[in-house]
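Worksheet: one structure, shown below.
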Amino acid sequence: MLLFREKIPVDWLPKVMGNLPAVLVDHAHLERKAATTALNLEKYRDLYSRVGELNAIAIEELQHFQLVLALLGKRGIPFGQPYPSPWITGLMRSVRNGQRHQAIDHLICCALIEGRSCEKFQVLGRALAGIDDELSAFYASLVESEGNHYATYILMARTVDDAEAERRLDFYLDLDAKLMREGSPLPILH
């Protein structure tokens, strides 16, 4: 189902496995941002009829945020400062202005972020099995939700303008591949 043209960089998993407290803090910020982004998408006229779905995504993301905060508390990890993701920043810089174009681009960026989360949570869940079974189960439990959000955002973009969404998806898949190859030195999920 995921359409990615580039694999996760080989240095990503060792980097995050060696810095799980920082990754959990990063994950908390990502869930918080995902919730606010879903609500922010409601500003687009083309998505007024989808407000119920966007609210449901925001609520689910806030629930995930709460779960990560609980893990941080249980493990004695303080909630700290977020670090910007070069990958997410690179995607979002390409969002065009103009209601319809901006809505399509924003939805596709959200879809790719959710899709990469789905992919990385699967990888992380498997890698943590036998090492940290609680985190392994936690990441495995999020995979379906992230995949559903990915699909929902893609379908929303297509309902705004199917042909334009396809063109922009092609553009963003190329951009995603380029940004994935550039990588990040930080121990973050994206």
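Chains: A, B, ... in order of the structure tokens. Residues: from 1 per chain. Ligands: from 1, in order shown.
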
(request) Go through chain A and collect every residue that DSSP, computed from the backbone, puts in helix (DSSP H, G or I); the answer should be as a count of residues only. (result) 146

Sorted per-residue table, region 93-118 of chain A near region 19-40 of chain A, closest atoms and distance, 10 Å, only C-alpha atoms, as CSV:
residue,atom,partner,partner_atom,distance
A:His106,CA,A:Thr37,CA,9.2
A:Leu107,CA,A:Ala38,CA,9.3
A:Cys110,CA,A:Ala34,CA,8.2
A:Ile113,CA,A:Ala34,CA,9.1
A:Glu114,CA,A:Ala34,CA,8.7
A:Ser117,CA,A:Leu30,CA,9.7

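The residue set within 8 Å of Pro9 (chain A), counting only C-alpha atoms and dropping same-chain residues fewer than 2 places from it, reads A:Lys7, A:Asp11, A:Trp12, A:Met180, A:Arg181, A:Gly183.
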
Can I get the residues of region 26-121 of chain A within 12 Å of region 125-144 of chain A, each with the closest pair of atoms and their distance in Å to one decimal, using only C-alpha atoms, sorted chain first then ascending number, as a Markdown table?
| residue | atom | partner | partner_atom | distance |
| --- | --- | --- | --- | --- |
| A:His27 | CA | A:Tyr139 | CA | 10.6 |
| A:Glu31 | CA | A:Leu142 | CA | 11.2 |
| A:Glu60 | CA | A:Leu142 | CA | 10.4 |
| A:Glu61 | CA | A:Leu142 | CA | 10.2 |
| A:Gln63 | CA | A:Leu142 | CA | 11.0 |
| A:His64 | CA | A:Leu142 | CA | 8.2 |
| A:Phe65 | CA | A:Leu142 | CA | 11.5 |
| A:Leu67 | CA | A:Phe138 | CA | 9.0 |
| A:Val68 | CA | A:Phe138 | CA | 9.2 |
| A:Ala70 | CA | A:Phe138 | CA | 11.7 |
| A:Leu71 | CA | A:Leu135 | CA | 8.7 |
| A:Leu72 | CA | A:Leu135 | CA | 11.2 |
| A:Lys74 | CA | A:Glu134 | CA | 11.4 |
| A:Arg75 | CA | A:Leu135 | CA | 11.1 |
| A:Glu114 | CA | A:Val143 | CA | 9.5 |
| A:Gly115 | CA | A:Val143 | CA | 9.3 |
| A:Arg116 | CA | A:Val143 | CA | 10.2 |
| A:Ser117 | CA | A:Val143 | CA | 7.7 |
| A:Cys118 | CA | A:Val143 | CA | 4.8 |
| A:Glu119 | CA | A:Val143 | CA | 7.6 |
| A:Lys120 | CA | A:Gly125 | CA | 8.3 |
| A:Phe121 | CA | A:Tyr139 | CA | 5.2 |

Residues as selected, N, CA and C atoms, written as a JSON list (two decimals), in the first residue's frame, can you do that?
[["chain", "number", "residue", "atom", "x", "y", "z"],
["A", 27, "HIS", "N", 8.71, 11.47, 19.50],
["A", 27, "HIS", "CA", 7.44, 10.85, 19.14],
["A", 27, "HIS", "C", 6.28, 11.61, 19.78],
["A", 31, "GLU", "N", 3.14, 13.32, 17.67],
["A", 31, "GLU", "CA", 1.72, 13.04, 17.87],
["A", 31, "GLU", "C", 0.95, 14.33, 18.16],
["A", 60, "GLU", "N", -7.68, 10.87, 17.78],
["A", 60, "GLU", "CA", -6.82, 9.68, 17.85],
["A", 60, "GLU", "C", -5.36, 10.06, 18.06],
["A", 61, "GLU", "N", -4.92, 11.11, 17.39],
["A", 61, "GLU", "CA", -3.53, 11.55, 17.55],
["A", 61, "GLU", "C", -3.30, 12.08, 18.97],
["A", 63, "GLN", "N", -4.85, 11.01, 21.58],
["A", 63, "GLN", "CA", -4.79, 9.80, 22.42],
["A", 63, "GLN", "C", -3.40, 9.18, 22.34],
["A", 64, "HIS", "N", -2.82, 9.16, 21.16],
["A", 64, "HIS", "CA", -1.46, 8.64, 21.00],
["A", 64, "HIS", "C", -0.47, 9.52, 21.76],
["A", 65, "PHE", "N", -0.66, 10.83, 21.69],
["A", 65, "PHE", "CA", 0.18, 11.77, 22.43],
["A", 65, "PHE", "C", 0.12, 11.44, 23.93],
["A", 67, "LEU", "N", -0.63, 8.59, 25.29],
["A", 67, "LEU", "CA", 0.05, 7.31, 25.53],
["A", 67, "LEU", "C", 1.56, 7.49, 25.60],
["A", 68, "VAL", "N", 2.10, 8.31, 24.71],
["A", 68, "VAL", "CA", 3.56, 8.54, 24.72],
["A", 68, "VAL", "C", 3.94, 9.31, 25.99],
["A", 70, "ALA", "N", 2.49, 9.12, 28.82],
["A", 70, "ALA", "CA", 2.45, 8.14, 29.91],
["A", 70, "ALA", "C", 3.71, 7.28, 29.92],
["A", 71, "LEU", "N", 4.18, 6.89, 28.73],
["A", 71, "LEU", "CA", 5.44, 6.12, 28.65],
["A", 71, "LEU", "C", 6.61, 6.94, 29.17],
["A", 72, "LEU", "N", 6.65, 8.21, 28.80],
["A", 72, "LEU", "CA", 7.72, 9.09, 29.29],
["A", 72, "LEU", "C", 7.69, 9.15, 30.81],
["A", 74, "LYS", "N", 6.33, 7.03, 32.97],
["A", 74, "LYS", "CA", 6.64, 5.72, 33.55],
["A", 74, "LYS", "C", 8.13, 5.44, 33.55],
["A", 75, "ARG", "N", 8.80, 5.94, 32.53],
["A", 75, "ARG", "CA", 10.23, 5.69, 32.38],
["A", 75, "ARG", "C", 11.10, 6.81, 32.96],
["A", 114, "GLU", "N", 2.38, 10.23, 7.77],
["A", 114, "GLU", "CA", 1.68, 9.10, 8.39],
["A", 114, "GLU", "C", 2.19, 7.77, 7.81],
["A", 115, "GLY", "N", 2.43, 7.75, 6.51],
["A", 115, "GLY", "CA", 2.94, 6.53, 5.88],
["A", 115, "GLY", "C", 4.32, 6.16, 6.36],
["A", 116, "ARG", "N", 5.20, 7.15, 6.49],
["A", 116, "ARG", "CA", 6.54, 6.87, 7.01],
["A", 116, "ARG", "C", 6.46, 6.44, 8.47],
["A", 117, "SER", "N", 5.52, 7.01, 9.23],
["A", 117, "SER", "CA", 5.34, 6.56, 10.61],
["A", 117, "SER", "C", 4.91, 5.10, 10.65],
["A", 118, "CYS", "N", 3.98, 4.75, 9.80],
["A", 118, "CYS", "CA", 3.52, 3.37, 9.71],
["A", 118, "CYS", "C", 4.70, 2.43, 9.44],
["A", 119, "GLU", "N", 5.48, 2.79, 8.46],
["A", 119, "GLU", "CA", 6.64, 1.99, 8.06],
["A", 119, "GLU", "C", 7.68, 1.90, 9.19],
["A", 120, "LYS", "N", 8.02, 3.03, 9.77],
["A", 120, "LYS", "CA", 9.06, 3.06, 10.80],
["A", 120, "LYS", "C", 8.59, 2.41, 12.11],
["A", 121, "PHE", "N", 7.30, 2.53, 12.44],
["A", 121, "PHE", "CA", 6.80, 1.88, 13.65],
["A", 121, "PHE", "C", 6.86, 0.36, 13.50]]

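Distances from A:Ser49, A:Gln122, A:Ser145, A:Thr159 to Ile8 (chain A) were compared using only C-alpha atoms, and the smallest one belongs to A:Gln122.
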
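Take the candidates A:Asp176, A:Glu53, A:Asp105, A:Glu6 and check each one against Asp161 (chain A) using only C-alpha atoms; the shortest distance goes to A:Asp105.
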
(request) Considering only C-alpha atoms, state which residue in the set A:Leu124, A:Ile77, A:Ile57, A:Leu3 is at the smallest distance from Asp170 (chain A). (result) A:Leu3
